[in-house]
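**Q** Structure file target04.cif (mmCIF, C-alpha atoms) is given on the next line.
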data_coords
#
loop_
_atom_site.group_PDB
_atom_site.id
_atom_site.type_symbol
_atom_site.label_atom_id
_atom_site.label_comp_id
_atom_site.auth_asym_id
_atom_site.auth_seq_id
_atom_site.Cartn_x
_atom_site.Cartn_y
_atom_site.Cartn_z
ATOM 1 C CA MET A 415 -4.411 14.423 15.360
ATOM 2 C CA THR A 416 -1.484 16.831 15.632
ATOM 3 C CA THR A 417 -0.889 18.488 12.283
ATOM 4 C CA HIS A 418 2.068 20.280 10.833
ATOM 5 C CA THR A 419 1.270 23.251 8.622
ATOM 6 C CA GLU A 420 3.662 22.205 5.839
ATOM 7 C CA CYS A 421 2.808 18.482 5.836
ATOM 8 C CA PRO A 422 0.451 17.409 3.033
ATOM 9 C CA LEU A 423 -0.428 14.128 4.788
ATOM 10 C CA CYS A 424 -1.575 16.032 7.860
ATOM 11 C CA HIS A 425 -4.000 18.066 5.739
ATOM 12 C CA ASP A 426 -5.094 15.689 2.984
ATOM 13 C CA ASP A 427 -6.026 12.013 2.816
ATOM 14 C CA GLY A 428 -3.426 11.404 0.113
ATOM 15 C CA ALA A 429 -5.909 9.768 -2.294
ATOM 16 C CA THR A 430 -8.970 7.508 -1.996
ATOM 17 C CA VAL A 431 -9.376 6.184 1.555
ATOM 18 C CA LEU A 432 -10.124 2.450 1.783
ATOM 19 C CA PHE A 433 -9.971 2.275 5.579
ATOM 20 C CA ARG A 434 -9.466 4.810 8.346
ATOM 21 C CA ASN A 435 -9.425 4.733 12.109
ATOM 22 C CA ALA A 436 -7.860 7.075 14.656
ATOM 23 C CA PHE A 437 -4.452 5.410 14.209
ATOM 24 C CA LEU A 438 -3.961 5.015 10.465
ATOM 25 C CA ARG A 439 -5.522 5.102 7.039
ATOM 26 C CA VAL A 440 -5.107 2.870 3.997
ATOM 27 C CA ILE A 441 -5.428 4.521 0.619
ATOM 28 C CA ASP A 442 -5.483 3.654 -3.050
ATOM 29 C CA ALA A 443 -2.556 5.747 -4.292
ATOM 30 C CA GLN A 444 -4.153 6.117 -7.748
ATOM 31 C CA GLU A 445 -0.948 5.691 -9.741
ATOM 32 C CA ALA A 446 -1.836 5.164 -13.403
ATOM 33 C CA ASP A 447 1.059 2.814 -14.202
ATOM 34 C CA TYR A 448 0.660 0.922 -10.902
ATOM 35 C CA PRO A 449 -3.062 0.432 -10.225
ATOM 36 C CA ALA A 450 -2.448 -1.861 -7.220
ATOM 37 C CA PHE A 451 -0.261 0.756 -5.464
ATOM 38 C CA THR A 452 -1.505 1.211 -1.889
ATOM 39 C CA ARG A 453 -0.281 3.389 0.972
ATOM 40 C CA VAL A 454 -0.584 2.937 4.720
ATOM 41 C CA ILE A 455 -0.359 6.315 6.439
ATOM 42 C CA LEU A 456 0.031 7.032 10.136
ATOM 43 C CA ASN A 457 -2.584 9.647 11.003
ATOM 44 C CA ARG A 458 -0.591 11.555 13.603
ATOM 45 C CA HIS A 459 2.450 13.419 12.393
ATOM 46 C CA ALA A 460 5.725 11.598 12.944
ATOM 47 C CA GLN A 461 8.767 11.827 10.738
ATOM 48 C CA GLU A 462 10.567 8.549 11.462
ATOM 49 C CA MET A 463 9.567 5.037 12.522
ATOM 50 C CA THR A 464 11.626 5.497 15.693
ATOM 51 C CA ASP A 465 9.314 8.387 16.636
ATOM 52 C CA LEU A 466 6.646 5.723 17.235
ATOM 53 C CA ASN A 467 6.409 3.571 20.331
ATOM 54 C CA GLN A 468 6.731 -0.215 19.990
ATOM 55 C CA THR A 469 2.964 -0.767 19.876
ATOM 56 C CA GLU A 470 2.559 1.820 17.117
ATOM 57 C CA ARG A 471 5.471 0.388 15.101
ATOM 58 C CA SER A 472 4.056 -3.100 15.443
ATOM 59 C CA GLY A 473 0.542 -1.991 14.490
ATOM 60 C CA LEU A 474 1.726 0.001 11.498
ATOM 61 C CA MET A 475 3.846 -2.867 10.203
ATOM 62 C CA SER A 476 0.963 -5.293 10.757
ATOM 63 C CA ALA A 477 -1.105 -3.057 8.498
ATOM 64 C CA VAL A 478 1.638 -3.029 5.847
ATOM 65 C CA TYR A 479 1.911 -6.830 5.948
ATOM 66 C CA LEU A 480 -1.853 -7.169 5.713
ATOM 67 C CA VAL A 481 -1.919 -5.036 2.545
ATOM 68 C CA GLU A 482 0.975 -7.061 1.133
ATOM 69 C CA ALA A 483 -0.886 -10.333 1.768
ATOM 70 C CA LEU A 484 -4.029 -8.961 0.115
ATOM 71 C CA GLN A 485 -2.066 -7.793 -2.931
ATOM 72 C CA ARG A 486 -0.506 -11.225 -3.287
ATOM 73 C CA ARG A 487 -3.914 -12.839 -3.006
ATOM 74 C CA HIS A 488 -5.698 -10.590 -5.491
ATOM 75 C CA PHE A 489 -2.984 -9.847 -8.083
ATOM 76 C CA GLN A 490 -0.302 -12.581 -7.860
ATOM 77 C CA PRO A 491 2.524 -10.116 -8.562
ATOM 78 C CA ASP A 492 6.074 -11.160 -9.389
ATOM 79 C CA LYS A 493 7.280 -9.078 -6.428
ATOM 80 C CA ILE A 494 5.949 -6.618 -3.897
ATOM 81 C CA ASN A 495 7.953 -3.540 -3.018
ATOM 82 C CA LEU A 496 7.636 -2.037 0.447
ATOM 83 C CA ALA A 497 9.054 1.458 0.778
ATOM 84 C CA GLN A 498 9.135 4.029 3.544
ATOM 85 C CA LEU A 499 11.113 6.965 2.211
ATOM 86 C CA GLY A 500 9.743 10.279 3.389
ATOM 87 C CA ASN A 501 12.299 12.354 1.485
ATOM 88 C CA MET A 502 9.591 14.392 -0.217
ATOM 89 C CA VAL A 503 6.910 14.043 2.480
ATOM 90 C CA PRO A 504 8.514 13.566 5.923
ATOM 91 C CA HIS A 505 5.446 11.941 7.500
ATOM 92 C CA VAL A 506 5.503 8.213 8.329
ATOM 93 C CA HIS A 507 3.791 6.347 5.523
ATOM 94 C CA TRP A 508 4.469 3.104 3.685
ATOM 95 C CA HIS A 509 4.161 2.354 -0.017
ATOM 96 C CA ILE A 510 3.025 -1.172 -0.904
ATOM 97 C CA ILE A 511 3.477 -1.726 -4.633
ATOM 98 C CA ALA A 512 2.598 -4.857 -6.572
ATOM 99 C CA ARG A 513 5.304 -5.291 -9.216
ATOM 100 C CA PHE A 514 5.279 -7.308 -12.398
ATOM 101 C CA ALA A 515 8.177 -8.341 -14.622
ATOM 102 C CA ASP A 516 6.619 -6.457 -17.528
ATOM 103 C CA ASP A 517 5.848 -3.196 -15.686
ATOM 104 C CA LYS A 518 7.222 0.140 -16.837
ATOM 105 C CA HIS A 519 10.212 0.202 -14.472
ATOM 106 C CA PHE A 520 10.894 -3.427 -13.491
ATOM 107 C CA PRO A 521 13.365 -4.341 -12.072
ATOM 108 C CA ASN A 522 14.120 -0.713 -11.170
ATOM 109 C CA PRO A 523 12.229 1.144 -8.435
ATOM 110 C CA ILE A 524 9.123 2.866 -9.749
ATOM 111 C CA TRP A 525 10.676 6.242 -8.933
ATOM 112 C CA GLY A 526 13.751 5.437 -11.033
ATOM 113 C CA MET A 527 14.323 5.439 -14.743
ATOM 114 C CA PRO A 528 11.846 3.453 -16.821
ATOM 115 C CA ARG A 529 13.380 0.475 -18.495
ATOM 116 C CA GLU A 530 14.406 0.778 -22.102
ATOM 117 C CA THR A 531 11.690 -0.092 -24.570
ATOM 118 C CA ALA A 532 14.089 -0.194 -27.542
ATOM 119 C CA ASN A 533 14.127 -3.984 -27.252
ATOM 120 C CA THR A 534 10.461 -4.108 -28.233
ATOM 121 C CA PRO A 535 10.137 -2.078 -31.460
ATOM 122 C CA ASP A 536 6.643 -3.457 -32.087
ATOM 123 C CA GLY A 537 5.305 -1.875 -28.890
ATOM 124 C CA GLY A 538 4.690 -5.324 -27.425
ATOM 125 C CA HIS A 539 5.900 -4.338 -23.971
ATOM 126 C CA ALA A 540 3.564 -1.340 -23.748
ATOM 127 C CA THR A 541 0.664 -3.459 -24.970
ATOM 128 C CA ALA A 542 1.381 -6.220 -22.437
ATOM 129 C CA CYS A 543 1.635 -3.604 -19.663
ATOM 130 C CA ALA A 544 -1.656 -1.985 -20.649
ATOM 131 C CA ARG A 545 -3.378 -5.384 -20.828
ATOM 132 C CA ARG A 546 -2.089 -6.400 -17.368
ATOM 133 C CA ASN A 547 -3.079 -3.038 -15.848
ATOM 134 C CA ALA A 548 -6.570 -3.446 -17.306
ATOM 135 C CA GLN A 549 -6.794 -6.888 -15.653
ATOM 136 C CA ILE A 550 -5.635 -5.438 -12.340
ATOM 137 C CA ARG A 551 -8.246 -2.679 -12.563
ATOM 138 C CA GLN A 552 -10.942 -5.334 -12.941
ATOM 139 C CA HIS A 553 -9.810 -6.860 -9.626
ATOM 140 C CA LEU A 554 -9.528 -3.548 -7.755
ATOM 141 C CA PRO A 555 -13.127 -3.443 -6.443
ATOM 142 C CA ALA A 556 -12.741 -6.870 -4.789
ATOM 143 C CA TYR A 557 -9.278 -5.916 -3.475
ATOM 144 C CA HIS A 558 -10.576 -2.640 -2.048
ATOM 145 C CA GLN A 559 -13.527 -4.411 -0.442
ATOM 146 C CA ASP A 560 -11.199 -7.012 1.067
ATOM 147 C CA ILE A 561 -8.989 -4.252 2.515
ATOM 148 C CA THR A 562 -11.992 -2.506 4.037
ATOM 149 C CA GLN A 563 -13.418 -5.708 5.509
ATOM 150 C CA SER A 564 -10.092 -7.090 6.767
ATOM 151 C CA PHE A 565 -9.016 -3.840 8.394
ATOM 152 C CA THR A 566 -12.446 -3.225 9.909
ATOM 153 C CA ALA A 567 -12.429 -6.709 11.427
ATOM 154 C CA LEU A 568 -8.890 -6.336 12.741
ATOM 155 C CA PHE A 569 -8.505 -2.726 13.851
ATOM 156 C CA ASP A 570 -10.773 -0.957 16.308
ATOM 157 C CA GLU A 571 -12.210 1.891 14.233
ATOM 158 C CA VAL A 572 -13.311 4.061 17.119
ATOM 159 C CA ALA A 573 -10.422 3.905 19.533
ATOM 160 C CA GLY A 574 -7.778 3.399 16.882
ATOM 161 C CA THR A 575 -6.152 0.731 18.978
ATOM 162 C CA VAL A 576 -3.643 -1.663 17.531
ATOM 163 C CA PRO A 577 -4.739 -5.304 17.365
ATOM 164 C CA GLU A 578 -3.137 -7.998 19.470
ATOM 165 C CA GLN A 579 -0.378 -9.777 17.548
ATOM 166 C CA THR A 580 -2.260 -13.100 17.684
ATOM 167 C CA ARG A 581 -5.330 -11.488 16.053
ATOM 168 C CA PHE A 582 -3.127 -10.116 13.309
ATOM 169 C CA GLU A 583 -1.455 -13.506 12.753
ATOM 170 C CA GLN A 584 -4.873 -15.205 12.580
ATOM 171 C CA THR A 585 -6.077 -12.648 10.025
ATOM 172 C CA LEU A 586 -2.917 -13.055 7.951
ATOM 173 C CA GLN A 587 -3.282 -16.837 8.077
ATOM 174 C CA ARG A 588 -6.902 -16.574 6.911
ATOM 175 C CA ILE A 589 -5.852 -14.434 3.947
ATOM 176 C CA THR A 590 -2.937 -16.589 2.885
ATOM 177 C CA ASP A 591 -4.900 -19.870 3.189
ATOM 178 C CA ARG A 592 -7.652 -18.913 0.758
#
Could you show the structure in this file as structure tokens?
**A**
Amino acid sequence: MTTHTECPLCHDDGATVLFRNAFLRVIDAQEADYPAFTRVILNRHAQEMTDLNQTERSGLMSAVYLVEALQRRHFQPDKINLAQLGNMVPHVHWHIIARFADDKHFPNPIWGMPRETANTPDGGHATACARRNAQIRQHLPAYHQDITQSFTALFDEVAGTVPEQTRFEQTLQRITDR
């Protein structure tokens, strides 16, 4: 892996690794307000998606879609946000964030201003958020295990090769049919 001295993702996993091969890693981002927040990180340093060849772009996006499908299956969110910003860390990585209508920022991006809580003087919104996050945390072990198993079955761990598109589609179909 080529590293860049100033790039934190070249020198650190970025949080708890759920799957890793030579091509990419999938991590639990460990965001307190968003317990189902997951990142897919390209292992080699590249700043933009167009720095990747077609096979790499396809493989990386297949990984993002796989995480999205697993989040939908395990958490039934109101929406899933996919983001690839890189303004703060210019290393190709994707954020996959399960969003709920009662979360701290909804409908705003999680990096934006939190929504006003003045409409809930009894603290009902904060209580509902805390209760939902506690439920999500109960499902995290099964979600993490499913990520590990699905990625291990799909991606070649040793060579870091990208799976054939038909294998990815079959895996995605298996996840969404359960």
**Q** Atom CA of A:Asp492 and atom CA of A:Ile561, how far apart in Å?
**A**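 For atom CA of A:Ile561 relative to atom CA of A:Asp492, the distance reads 20.4 Å.
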**Q** Quick one: which residues end up in the PyMOL selection byres ((chain A and resi 445) around 12) for this structure, as a tab-separated table (two decimals) with C-alpha atoms, in the coordinates of the input?
**A**
chain	number	residue	atom	x	y	z
A	428	GLY	CA	-3.43	11.40	0.11
A	429	ALA	CA	-5.91	9.77	-2.29
A	430	THR	CA	-8.97	7.51	-2.00
A	441	ILE	CA	-5.43	4.52	0.62
A	442	ASP	CA	-5.48	3.65	-3.05
A	443	ALA	CA	-2.56	5.75	-4.29
A	444	GLN	CA	-4.15	6.12	-7.75
A	446	ALA	CA	-1.84	5.16	-13.40
A	447	ASP	CA	1.06	2.81	-14.20
A	448	TYR	CA	0.66	0.92	-10.90
A	449	PRO	CA	-3.06	0.43	-10.22
A	450	ALA	CA	-2.45	-1.86	-7.22
A	451	PHE	CA	-0.26	0.76	-5.46
A	452	THR	CA	-1.50	1.21	-1.89
A	453	ARG	CA	-0.28	3.39	0.97
A	509	HIS	CA	4.16	2.35	-0.02
A	510	ILE	CA	3.02	-1.17	-0.90
A	511	ILE	CA	3.48	-1.73	-4.63
A	512	ALA	CA	2.60	-4.86	-6.57
A	524	ILE	CA	9.12	2.87	-9.75
A	525	TRP	CA	10.68	6.24	-8.93
A	547	ASN	CA	-3.08	-3.04	-15.85
A	551	ARG	CA	-8.25	-2.68	-12.56
**Q** Run through the PyMOL selection byres ((chain A and resi 483) around 12) on the given coordinates and return the selected residues as a PyMOL selection string.
**A** chain A and resi 476-482+484-491+493-494+496+510-512+557+560-561+564+582-583+585-592
**Q** If I take atom CA of A:Val440 and atom CA of A:Val454, how far is one from the other in Å, to one decimal?
**A**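 Rounded to one decimal, the two atoms are 4.6 Å apart.
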**Q** Taking all atoms listed in the file into account, name the residue in A:Val431, A:Asn522, A:Asp426, A:Val506 that is nearest to A:Leu466.
**A**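 Closest residue, counting all atoms listed in the file: A:Val506.
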**Q** Using all atoms listed in the file, can you tell me which of A:Thr580, A:Gln461, A:Ala436, A:Thr566 comes closest to A:Val503?
**A** A:Gln461
**Q** Measuring atom to atom with all atoms listed in the file, identify which of A:Val576, A:Met502, A:Ala497, A:Cys543 is nearest to A:Asp517.
**A**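 When distances to A:Asp517 are compared using all atoms listed in the file, the smallest one comes from A:Cys543.
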**Q** Mind listing as a list in words all residues within 6 Å of (0.6, 5.6, 10.7), counting all atoms listed in the file?
**A**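 Checking each residue against the 6 Å limit leaves Leu438, Ile455, Leu456, Asn457 and Leu474 of chain A.
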**Q** Could you please determine the separation between atom CA of A:Phe569 and atom CA of A:His425 in Å, to one decimal place?
**A**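 Distance between the two atoms: 22.8 Å.
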**Q** Measuring atom to atom with only C-alpha atoms, identify which of A:Thr541, A:Thr419, A:Asn435, A:Gln579 is nearest to A:Phe565.
**A**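 Of A:Thr541, A:Thr419, A:Asn435, A:Gln579, the one nearest A:Phe565, counting only C-alpha atoms, is A:Asn435.
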**Q** I need the residue nearest A:Pro521 from this list: A:Asp465, A:Asn495, A:Ala544, A:Trp508. Use all atoms listed in the file for the distance.
**A** A:Asn495
**Q** I'd like to know which of A:Ala540, A:Asp427, A:Leu432, A:Gln498 is closest to A:His558, using only C-alpha atoms.
**A**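 Using only C-alpha atoms, A:His558 sits closest to A:Leu432.
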**Q** From (9.5, -1.7, -17.1), in the file's coordinates, out to 8 Å: which residues are reached, counting only C-alpha atoms? Answer as JSON, numbers by chain.
**A** {"A": [515, 516, 517, 518, 519, 520, 521, 522, 528, 529, 530, 531]}
**Q** Taking N, CA and C atoms as the atom set, what does stretch 415-448 of chain A look like once completed, written as a PDB file, keeping the file's coordinate frame?
**A**
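Final output, part_25.pdb:
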ATOM      1  N   MET A 415      -5.598  14.612  16.174  1.00  0.00           N
ATOM      2  CA  MET A 415      -4.411  14.423  15.360  1.00  0.00           C
ATOM      3  C   MET A 415      -3.624  15.727  15.347  1.00  0.00           C
ATOM      4  N   THR A 416      -2.355  15.665  15.715  1.00  0.00           N
ATOM      5  CA  THR A 416      -1.484  16.831  15.632  1.00  0.00           C
ATOM      6  C   THR A 416      -1.075  17.024  14.187  1.00  0.00           C
ATOM      7  N   THR A 417      -1.251  18.219  13.665  1.00  0.00           N
ATOM      8  CA  THR A 417      -0.889  18.488  12.283  1.00  0.00           C
ATOM      9  C   THR A 417       0.280  19.447  12.208  1.00  0.00           C
ATOM     10  N   HIS A 418       0.964  19.380  11.117  1.00  0.00           N
ATOM     11  CA  HIS A 418       2.068  20.280  10.833  1.00  0.00           C
ATOM     12  C   HIS A 418       1.676  21.077   9.594  1.00  0.00           C
ATOM     13  N   THR A 419       1.793  22.371   9.674  1.00  0.00           N
ATOM     14  CA  THR A 419       1.270  23.251   8.622  1.00  0.00           C
ATOM     15  C   THR A 419       1.816  22.938   7.244  1.00  0.00           C
ATOM     16  N   GLU A 420       3.039  22.459   7.149  1.00  0.00           N
ATOM     17  CA  GLU A 420       3.662  22.205   5.839  1.00  0.00           C
ATOM     18  C   GLU A 420       3.473  20.766   5.363  1.00  0.00           C
ATOM     19  N   CYS A 421       2.889  19.913   6.164  1.00  0.00           N
ATOM     20  CA  CYS A 421       2.808  18.482   5.836  1.00  0.00           C
ATOM     21  C   CYS A 421       1.527  18.160   5.071  1.00  0.00           C
ATOM     22  N   PRO A 422       1.660  17.727   3.804  1.00  0.00           N
ATOM     23  CA  PRO A 422       0.451  17.409   3.033  1.00  0.00           C
ATOM     24  C   PRO A 422      -0.351  16.236   3.601  1.00  0.00           C
ATOM     25  N   LEU A 423       0.301  15.272   4.245  1.00  0.00           N
ATOM     26  CA  LEU A 423      -0.428  14.128   4.788  1.00  0.00           C
ATOM     27  C   LEU A 423      -1.143  14.442   6.087  1.00  0.00           C
ATOM     28  N   CYS A 424      -0.827  15.577   6.685  1.00  0.00           N
ATOM     29  CA  CYS A 424      -1.575  16.032   7.860  1.00  0.00           C
ATOM     30  C   CYS A 424      -2.842  16.777   7.444  1.00  0.00           C
ATOM     31  N   HIS A 425      -2.885  17.233   6.204  1.00  0.00           N
ATOM     32  CA  HIS A 425      -4.000  18.066   5.739  1.00  0.00           C
ATOM     33  C   HIS A 425      -4.850  17.429   4.652  1.00  0.00           C
ATOM     34  N   ASP A 426      -4.385  16.313   4.098  1.00  0.00           N
ATOM     35  CA  ASP A 426      -5.094  15.689   2.984  1.00  0.00           C
ATOM     36  C   ASP A 426      -5.006  14.172   3.155  1.00  0.00           C
ATOM     37  N   ASP A 427      -6.027  13.468   2.694  1.00  0.00           N
ATOM     38  CA  ASP A 427      -6.026  12.013   2.816  1.00  0.00           C
ATOM     39  C   ASP A 427      -4.894  11.365   2.024  1.00  0.00           C
ATOM     40  N   GLY A 428      -4.482  11.974   0.932  1.00  0.00           N
ATOM     41  CA  GLY A 428      -3.426  11.404   0.113  1.00  0.00           C
ATOM     42  C   GLY A 428      -3.953  10.655  -1.094  1.00  0.00           C
ATOM     43  N   ALA A 429      -5.216  10.423  -1.168  1.00  0.00           N
ATOM     44  CA  ALA A 429      -5.909   9.768  -2.294  1.00  0.00           C
ATOM     45  C   ALA A 429      -7.195   9.154  -1.739  1.00  0.00           C
ATOM     46  N   THR A 430      -7.708   8.126  -2.395  1.00  0.00           N
ATOM     47  CA  THR A 430      -8.970   7.508  -1.996  1.00  0.00           C
ATOM     48  C   THR A 430      -8.776   6.624  -0.763  1.00  0.00           C
ATOM     49  N   VAL A 431      -9.497   6.931   0.301  1.00  0.00           N
ATOM     50  CA  VAL A 431      -9.376   6.184   1.555  1.00  0.00           C
ATOM     51  C   VAL A 431     -10.172   4.879   1.453  1.00  0.00           C
ATOM     52  N   LEU A 432      -9.492   3.769   1.769  1.00  0.00           N
ATOM     53  CA  LEU A 432     -10.124   2.450   1.783  1.00  0.00           C
ATOM     54  C   LEU A 432     -10.484   2.036   3.206  1.00  0.00           C
ATOM     55  N   PHE A 433      -9.712   2.519   4.161  1.00  0.00           N
ATOM     56  CA  PHE A 433      -9.971   2.275   5.579  1.00  0.00           C
ATOM     57  C   PHE A 433      -9.340   3.419   6.364  1.00  0.00           C
ATOM     58  N   ARG A 434     -10.026   3.807   7.442  1.00  0.00           N
ATOM     59  CA  ARG A 434      -9.466   4.810   8.346  1.00  0.00           C
ATOM     60  C   ARG A 434      -9.964   4.517   9.752  1.00  0.00           C
ATOM     61  N   ASN A 435      -9.060   4.667  10.707  1.00  0.00           N
ATOM     62  CA  ASN A 435      -9.425   4.733  12.109  1.00  0.00           C
ATOM     63  C   ASN A 435      -8.589   5.848  12.719  1.00  0.00           C
ATOM     64  N   ALA A 436      -8.598   5.983  14.026  1.00  0.00           N
ATOM     65  CA  ALA A 436      -7.860   7.075  14.656  1.00  0.00           C
ATOM     66  C   ALA A 436      -6.349   6.914  14.514  1.00  0.00           C
ATOM     67  N   PHE A 437      -5.884   5.699  14.277  1.00  0.00           N
ATOM     68  CA  PHE A 437      -4.452   5.410  14.209  1.00  0.00           C
ATOM     69  C   PHE A 437      -3.856   5.572  12.810  1.00  0.00           C
ATOM     70  N   LEU A 438      -4.529   5.044  11.805  1.00  0.00           N
ATOM     71  CA  LEU A 438      -3.961   5.015  10.465  1.00  0.00           C
ATOM     72  C   LEU A 438      -5.050   5.076   9.407  1.00  0.00           C
ATOM     73  N   ARG A 439      -4.610   5.226   8.172  1.00  0.00           N
ATOM     74  CA  ARG A 439      -5.522   5.102   7.039  1.00  0.00           C
ATOM     75  C   ARG A 439      -4.807   4.331   5.932  1.00  0.00           C
ATOM     76  N   VAL A 440      -5.597   3.629   5.138  1.00  0.00           N
ATOM     77  CA  VAL A 440      -5.107   2.870   3.997  1.00  0.00           C
ATOM     78  C   VAL A 440      -5.741   3.494   2.768  1.00  0.00           C
ATOM     79  N   ILE A 441      -4.906   3.834   1.799  1.00  0.00           N
ATOM     80  CA  ILE A 441      -5.428   4.521   0.619  1.00  0.00           C
ATOM     81  C   ILE A 441      -5.012   3.832  -0.668  1.00  0.00           C
ATOM     82  N   ASP A 442      -5.835   4.009  -1.680  1.00  0.00           N
ATOM     83  CA  ASP A 442      -5.483   3.654  -3.050  1.00  0.00           C
ATOM     84  C   ASP A 442      -4.691   4.853  -3.562  1.00  0.00           C
ATOM     85  N   ALA A 443      -3.431   4.642  -3.905  1.00  0.00           N
ATOM     86  CA  ALA A 443      -2.556   5.747  -4.292  1.00  0.00           C
ATOM     87  C   ALA A 443      -2.890   6.331  -5.664  1.00  0.00           C
ATOM     88  N   GLN A 444      -3.697   5.633  -6.437  1.00  0.00           N
ATOM     89  CA  GLN A 444      -4.153   6.117  -7.748  1.00  0.00           C
ATOM     90  C   GLN A 444      -2.992   6.478  -8.670  1.00  0.00           C
ATOM     91  N   GLU A 445      -2.073   5.546  -8.822  1.00  0.00           N
ATOM     92  CA  GLU A 445      -0.948   5.691  -9.741  1.00  0.00           C
ATOM     93  C   GLU A 445      -1.311   4.975 -11.038  1.00  0.00           C
ATOM     94  N   ALA A 446      -1.358   5.705 -12.127  1.00  0.00           N
ATOM     95  CA  ALA A 446      -1.836   5.164 -13.403  1.00  0.00           C
ATOM     96  C   ALA A 446      -1.062   3.924 -13.851  1.00  0.00           C
ATOM     97  N   ASP A 447       0.251   3.941 -13.739  1.00  0.00           N
ATOM     98  CA  ASP A 447       1.059   2.814 -14.202  1.00  0.00           C
ATOM     99  C   ASP A 447       1.112   1.667 -13.199  1.00  0.00           C
ATOM    100  N   TYR A 448       0.617   1.912 -11.976  1.00  0.00           N
ATOM    101  CA  TYR A 448       0.660   0.922 -10.902  1.00  0.00           C
ATOM    102  C   TYR A 448      -0.679   0.915 -10.179  1.00  0.00           C
TER     103      TYR A 448
END
